[in-house]
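First comes the structure, then the notes that go with it.
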Amino acid sequence: LFLAVCAVGIGGTFQYGYNVSIINAPTQHIHKFLNETWSSRYHKELNPDLLTFLWSVIASIFSLGGLCGALIGGSMAIRLGRKGALLMNNVIAILASILMGISFPTGLFELLIAGRFLIGINSGIGLCVQPLYIGEFAPKHLRGGLAMGTSIFLTGGILTGQIIGLRELLGGEKHWPLLLSSSCVPALAQLLFLPWFPESPRYLFIDRGDELSCAKALKRFHGSSEYRREMEDIQRECFALDGEKPKKPWQLFTDRGVRWQLITVIVMTMGQQLSGINAIYFYATYVFEQAGILAEKIPYVTLGTGVCECLTALSCVSSNYVGRRYLIIGGYLLMTLWCTVLTFSLTYQELYSWVPYLSMTCVFAFILSFGLGPGGITNTLTAELFVQSSRPAAYMIAGIVSWISFFTVGMLFPFIVNGLKQYCFVVFLLECFFVAAFIFLIIPETKNKSFLEIKKEFHKLNFGRNA
């Protein structure tokens, strides 16, 4: 099970975290490349406004690709299987790496844009299919811990990208094309290791009707002495579905039986993106400067934020023991607290010499709190709230909401910060508090429950108390 999570994660959410992270290091070198390419092609200087526009396209086209990936990820998981979709997804990553790698020697910045778009598609599919696959092959009593592999590999990708992007490694002027094309390495690793593992047992039994292959897969994942209990659970779910075909995303919006599950996923996914984590990273450099850290040392201190997220994701394996509900509510409430403290500390930054260090503590505490709940549990709950026929469509909807929220935050965030300054955290603390309140009032605990048991928990909400 552990090796399966590693084989799935290295080419899944690791790619998303890695490619979000590595684009920051070569910003100045890409600017220089754009200027030189434009000058040699058109024999005139590149207009500063056009340069800003081209850089914005290179940075933000990743989000558009991610949205497209989310739109097709669920369909790929149904047609090719969970494992098949992930393997095919690596072909997109390798093509993207080739395009980004040859953009500099060929002098075609358009290839860089195309490559970033394709690696965005790869990340969108990975974010959709990886938690779906892990959630389906994990045994009930270990589902929370194994599903945290999604978050662990995502944060591990961010941290790896921060390290590889240091100027001493591949972040220098000579090596930045290698940095951008290095995303082929995790893709090749997954193509090498994932074929050794079986397809999702639930997909084999419920979607394909292949009971023999399902039993073989369960024996591989759970052991020949333990697989029968899980097999019975899959048979009960298959019987309850009564031959129901996988649903399309738009069908979930008209299905009263999943109304509150769908609302929950949308609220949690938006809450994750709009929680203020981007504002924290934006303000981190300013906070570190105010604490007296030299500008050239800040990239190394920023590595601490990546380490924080990674350690918290690892510690979140405890969701298997503490419960999803307590962790996610606790995470949002702690984020509300740190937003409040940070607003005050940034306001009175100049008043006392120790205040910048309080701000610095708040930055790390906020990141730890985010990883404790919203960063790790959201994907796990998406897998648990839906039965087999609705799960791929639910992940498509969650992915679309996530990428649109990600893009919206990227577009509006500079205006929010410029308008409100440090008081932007008031907006985020209110958002964190309301999401915590929603989860407290609506979401039942899902730890150690089968998918059918969780569906019954929501039945009263969807159909009323007398249902």
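A note on labels: chains of the structure tokens are A, B, ... as shown, every chain counts residues from 1, and ligands are counted from 1 in their shown order.
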
| message | Residues within 10 Å of A:Glu230, please, as a ChimeraX atom specification. Count only C-alpha atoms; anything in the same chain fewer than 2 positions from it doesn't count. | response | /A:137-140,201-202,215,218,222,226-228,232-236,450

Expected file contents, prior selection, N, CA, C and O atoms, as a JSON list (two decimals), in the first residue's frame:
[["chain", "number", "residue", "atom", "x", "y", "z"],
["A", 137, "PHE", "N", -8.45, 2.26, -3.50],
["A", 137, "PHE", "CA", -7.74, 1.03, -3.15],
["A", 137, "PHE", "C", -7.36, 0.95, -1.67],
["A", 137, "PHE", "O", -6.93, -0.09, -1.18],
["A", 138, "ALA", "N", -7.52, 2.07, -0.92],
["A", 138, "ALA", "CA", -7.16, 2.06, 0.50],
["A", 138, "ALA", "C", -8.21, 1.31, 1.32],
["A", 138, "ALA", "O", -9.40, 1.48, 1.10],
["A", 139, "PRO", "N", -7.78, 0.47, 2.28],
["A", 139, "PRO", "CA", -8.75, -0.17, 3.18],
["A", 139, "PRO", "C", -9.41, 0.87, 4.07],
["A", 139, "PRO", "O", -8.83, 1.92, 4.33],
["A", 140, "LYS", "N", -10.62, 0.58, 4.50],
["A", 140, "LYS", "CA", -11.43, 1.56, 5.25],
["A", 140, "LYS", "C", -10.70, 2.14, 6.45],
["A", 140, "LYS", "O", -10.73, 3.34, 6.67],
["A", 201, "PRO", "N", -9.50, -1.67, -7.34],
["A", 201, "PRO", "CA", -10.43, -2.81, -7.22],
["A", 201, "PRO", "C", -11.89, -2.41, -7.40],
["A", 201, "PRO", "O", -12.68, -3.14, -8.00],
["A", 202, "ARG", "N", -12.27, -1.25, -6.87],
["A", 202, "ARG", "CA", -13.66, -0.80, -7.00],
["A", 202, "ARG", "C", -14.00, -0.53, -8.46],
["A", 202, "ARG", "O", -15.11, -0.83, -8.91],
["A", 215, "ALA", "N", -10.64, -9.29, -7.13],
["A", 215, "ALA", "CA", -10.13, -10.12, -6.02],
["A", 215, "ALA", "C", -8.61, -10.16, -6.04],
["A", 215, "ALA", "O", -7.96, -10.07, -4.99],
["A", 218, "LEU", "N", -7.28, -6.79, -4.81],
["A", 218, "LEU", "CA", -7.45, -6.66, -3.35],
["A", 218, "LEU", "C", -6.41, -7.50, -2.59],
["A", 218, "LEU", "O", -5.90, -7.08, -1.55],
["A", 222, "HIS", "N", -4.22, -5.60, -0.05],
["A", 222, "HIS", "CA", -4.60, -5.82, 1.35],
["A", 222, "HIS", "C", -4.07, -7.12, 1.96],
["A", 222, "HIS", "O", -4.20, -7.32, 3.17],
["A", 226, "GLU", "N", -6.72, -10.65, 4.39],
["A", 226, "GLU", "CA", -7.51, -9.50, 4.83],
["A", 226, "GLU", "C", -8.47, -8.96, 3.77],
["A", 226, "GLU", "O", -9.26, -8.07, 4.04],
["A", 227, "TYR", "N", -8.37, -9.49, 2.55],
["A", 227, "TYR", "CA", -9.07, -8.84, 1.44],
["A", 227, "TYR", "C", -10.58, -9.09, 1.43],
["A", 227, "TYR", "O", -11.34, -8.32, 0.86],
["A", 228, "ARG", "N", -11.04, -10.17, 2.11],
["A", 228, "ARG", "CA", -12.46, -10.56, 2.01],
["A", 228, "ARG", "C", -13.40, -9.49, 2.56],
["A", 228, "ARG", "O", -14.46, -9.24, 1.99],
["A", 232, "GLU", "N", -16.41, -7.71, 0.43],
["A", 232, "GLU", "CA", -17.83, -7.67, 0.84],
["A", 232, "GLU", "C", -18.36, -6.25, 0.80],
["A", 232, "GLU", "O", -19.51, -6.01, 0.39],
["A", 233, "ASP", "N", -17.52, -5.30, 1.23],
["A", 233, "ASP", "CA", -17.92, -3.88, 1.22],
["A", 233, "ASP", "C", -18.17, -3.40, -0.21],
["A", 233, "ASP", "O", -19.14, -2.70, -0.49],
["A", 234, "ILE", "N", -17.28, -3.82, -1.15],
["A", 234, "ILE", "CA", -17.44, -3.44, -2.56],
["A", 234, "ILE", "C", -18.70, -4.09, -3.14],
["A", 234, "ILE", "O", -19.45, -3.45, -3.89],
["A", 235, "GLN", "N", -18.97, -5.33, -2.77],
["A", 235, "GLN", "CA", -20.17, -6.03, -3.26],
["A", 235, "GLN", "C", -21.45, -5.35, -2.77],
["A", 235, "GLN", "O", -22.41, -5.21, -3.53],
["A", 236, "ARG", "N", -21.44, -4.91, -1.50],
["A", 236, "ARG", "CA", -22.61, -4.19, -0.97],
["A", 236, "ARG", "C", -22.84, -2.88, -1.72],
["A", 236, "ARG", "O", -23.98, -2.52, -2.04],
["A", 450, "SER", "N", -17.75, 3.16, 5.94],
["A", 450, "SER", "CA", -17.78, 2.81, 4.52],
["A", 450, "SER", "C", -18.46, 3.93, 3.74],
["A", 450, "SER", "O", -19.13, 4.79, 4.31]]

| field | Close residues, A:Arg41 itself excluded, 10 Å, only C-alpha atoms, min 5 positions apart in chain, as number ranges by chain | value | A: 35-36, 107-108

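Nearest-residue note for A:Ile454: choosing from A:Gln130, A:Thr382, A:Ser369, A:Ser183, the minimum distance belongs to A:Thr382, counting only C-alpha atoms.
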
| request: Within 12 Å of A:Val355, counting only C-alpha atoms, which residues show up once you throw out same-chain ones fewer than 3 positions away? Write them as number ranges by chain, please. | output: A: 287-288, 290-292, 341-352, 358-362

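Counting only C-alpha atoms, A:Glu173 has the following residues at most 10 Å away, ignoring those fewer than 6 positions along the same chain: Pro26, Gln28, His29, Ile30, Lys32, Phe33 and Arg167 of chain A.
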
| task | Mind checking which residues fall within 8 Å of A:Gly330, counting only C-alpha atoms, ignoring those fewer than 3 positions away in the same chain, and posting them as a ChimeraX atom specification? | result | /A:326-327,333-334,373,436

Prev. selection, N, CA, C and O atoms, output as a PDB file, in the first residue's frame:
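File written: selection34.pdb
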ATOM      1  N   TYR A 326     -12.462  16.997  13.124  1.00  0.00           N
ATOM      2  CA  TYR A 326     -11.738  17.779  14.138  1.00  0.00           C
ATOM      3  C   TYR A 326     -10.537  18.497  13.527  1.00  0.00           C
ATOM      4  O   TYR A 326     -10.253  19.657  13.854  1.00  0.00           O
ATOM      5  N   LEU A 327      -9.823  17.802  12.634  1.00  0.00           N
ATOM      6  CA  LEU A 327      -8.622  18.399  12.053  1.00  0.00           C
ATOM      7  C   LEU A 327      -8.950  19.594  11.159  1.00  0.00           C
ATOM      8  O   LEU A 327      -8.287  20.626  11.226  1.00  0.00           O
ATOM      9  N   LEU A 333      -9.936  27.229  12.331  1.00  0.00           N
ATOM     10  CA  LEU A 333     -10.011  28.115  13.498  1.00  0.00           C
ATOM     11  C   LEU A 333      -8.636  28.661  13.865  1.00  0.00           C
ATOM     12  O   LEU A 333      -8.494  29.850  14.225  1.00  0.00           O
ATOM     13  N   LEU A 334      -7.599  27.826  13.765  1.00  0.00           N
ATOM     14  CA  LEU A 334      -6.235  28.302  14.027  1.00  0.00           C
ATOM     15  C   LEU A 334      -5.808  29.347  12.992  1.00  0.00           C
ATOM     16  O   LEU A 334      -5.163  30.340  13.320  1.00  0.00           O
ATOM     17  N   GLY A 373      -5.252  21.077   8.401  1.00  0.00           N
ATOM     18  CA  GLY A 373      -6.651  20.831   8.049  1.00  0.00           C
ATOM     19  C   GLY A 373      -6.951  21.005   6.577  1.00  0.00           C
ATOM     20  O   GLY A 373      -6.953  20.032   5.810  1.00  0.00           O
ATOM     21  N   ALA A 436     -15.204  27.085   8.782  1.00  0.00           N
ATOM     22  CA  ALA A 436     -15.162  26.241   9.985  1.00  0.00           C
ATOM     23  C   ALA A 436     -16.566  26.041  10.548  1.00  0.00           C
ATOM     24  O   ALA A 436     -16.938  24.921  10.939  1.00  0.00           O
TER      25      ALA A 436
END

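For the residues A:Thr302, A:Thr52, A:Ser353, A:Ser389, ranking by smallest atom-to-atom distance to A:Ile78 using only C-alpha atoms places A:Ser389 first.
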
| field | Residue among A:Ala4, A:Ile121, A:Val417, A:Ala147 lying closest to A:Gly66, counting only C-alpha atoms | value | A:Ile121

| request: Within 12 Å of A:Ser75, counting only C-alpha atoms, which residues show up once you throw out same-chain ones fewer than 6 positions away? Write them as a VMD selection string, please. | output: chain A and resid 68 to 69 81 to 82 84 to 85 125 128 to 129 246 to 249 390 to 397

| query | stretch 419-430 of chain A: which residues within 9 Å, counting only C-alpha atoms, same-chain residues fewer than 6 positions away excluded, as a ChimeraX atom specification? | reply | /A:274-277,279-280,283,332-333,335-340,342-344,346-347

Hey, can you spit out that residue selection with C-alpha atoms as a PDB file, in the first residue's frame?
ATOM      1  CA  LEU A 274      -9.493  31.602  -0.677  1.00  0.00           C
ATOM      2  CA  SER A 275      -8.160  30.955   2.843  1.00  0.00           C
ATOM      3  CA  GLY A 276      -5.326  33.489   2.584  1.00  0.00           C
ATOM      4  CA  ILE A 277      -2.464  31.030   2.039  1.00  0.00           C
ATOM      5  CA  ALA A 279      -1.476  36.250   0.943  1.00  0.00           C
ATOM      6  CA  ILE A 280       0.799  34.638   3.543  1.00  0.00           C
ATOM      7  CA  TYR A 283       3.770  38.839   2.681  1.00  0.00           C
ATOM      8  CA  TYR A 332      -9.544  26.766   9.948  1.00  0.00           C
ATOM      9  CA  LEU A 333     -10.011  28.115  13.498  1.00  0.00           C
ATOM     10  CA  MET A 335      -5.879  30.107  10.681  1.00  0.00           C
ATOM     11  CA  THR A 336      -8.531  32.591  11.876  1.00  0.00           C
ATOM     12  CA  LEU A 337      -6.451  33.196  15.019  1.00  0.00           C
ATOM     13  CA  TRP A 338      -3.153  33.701  13.144  1.00  0.00           C
ATOM     14  CA  CYS A 339      -4.815  36.069  10.620  1.00  0.00           C
ATOM     15  CA  THR A 340      -6.015  38.195  13.559  1.00  0.00           C
ATOM     16  CA  LEU A 342      -0.805  38.951  11.907  1.00  0.00           C
ATOM     17  CA  THR A 343      -3.101  41.894  11.134  1.00  0.00           C
ATOM     18  CA  PHE A 344      -2.151  43.511  14.454  1.00  0.00           C
ATOM     19  CA  LEU A 346       1.831  44.086  10.622  1.00  0.00           C
ATOM     20  CA  THR A 347      -0.052  47.224  11.717  1.00  0.00           C
TER      21      THR A 347
END

| remark: Here atom CA of A:Pro198 and atom CA of A:Thr269 stand apart by 29.5 Å

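When only C-alpha atoms are used to measure the gap to A:Lys447, the shortest distance among A:Ala187, A:Leu381, A:Val5, A:Ile400 belongs to A:Leu381.
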
| request: Calculate how many Å separate atom CA of A:Cys184 from atom CA of A:Gly161, rounding to one decimal. | output: 13.3 Å

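Rounded to one decimal, atom CA of A:Arg208 and atom CA of A:Met88 lie 19.2 Å from each other.
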
| request: Just list the residues in stretch 307-442 of chain A DSSP gives alpha helix (DSSP H) on the backbone, as a ChimeraX atom specification. | output: /A:307-315,319-322,324-347,355-372,374-384,391-420,424-442
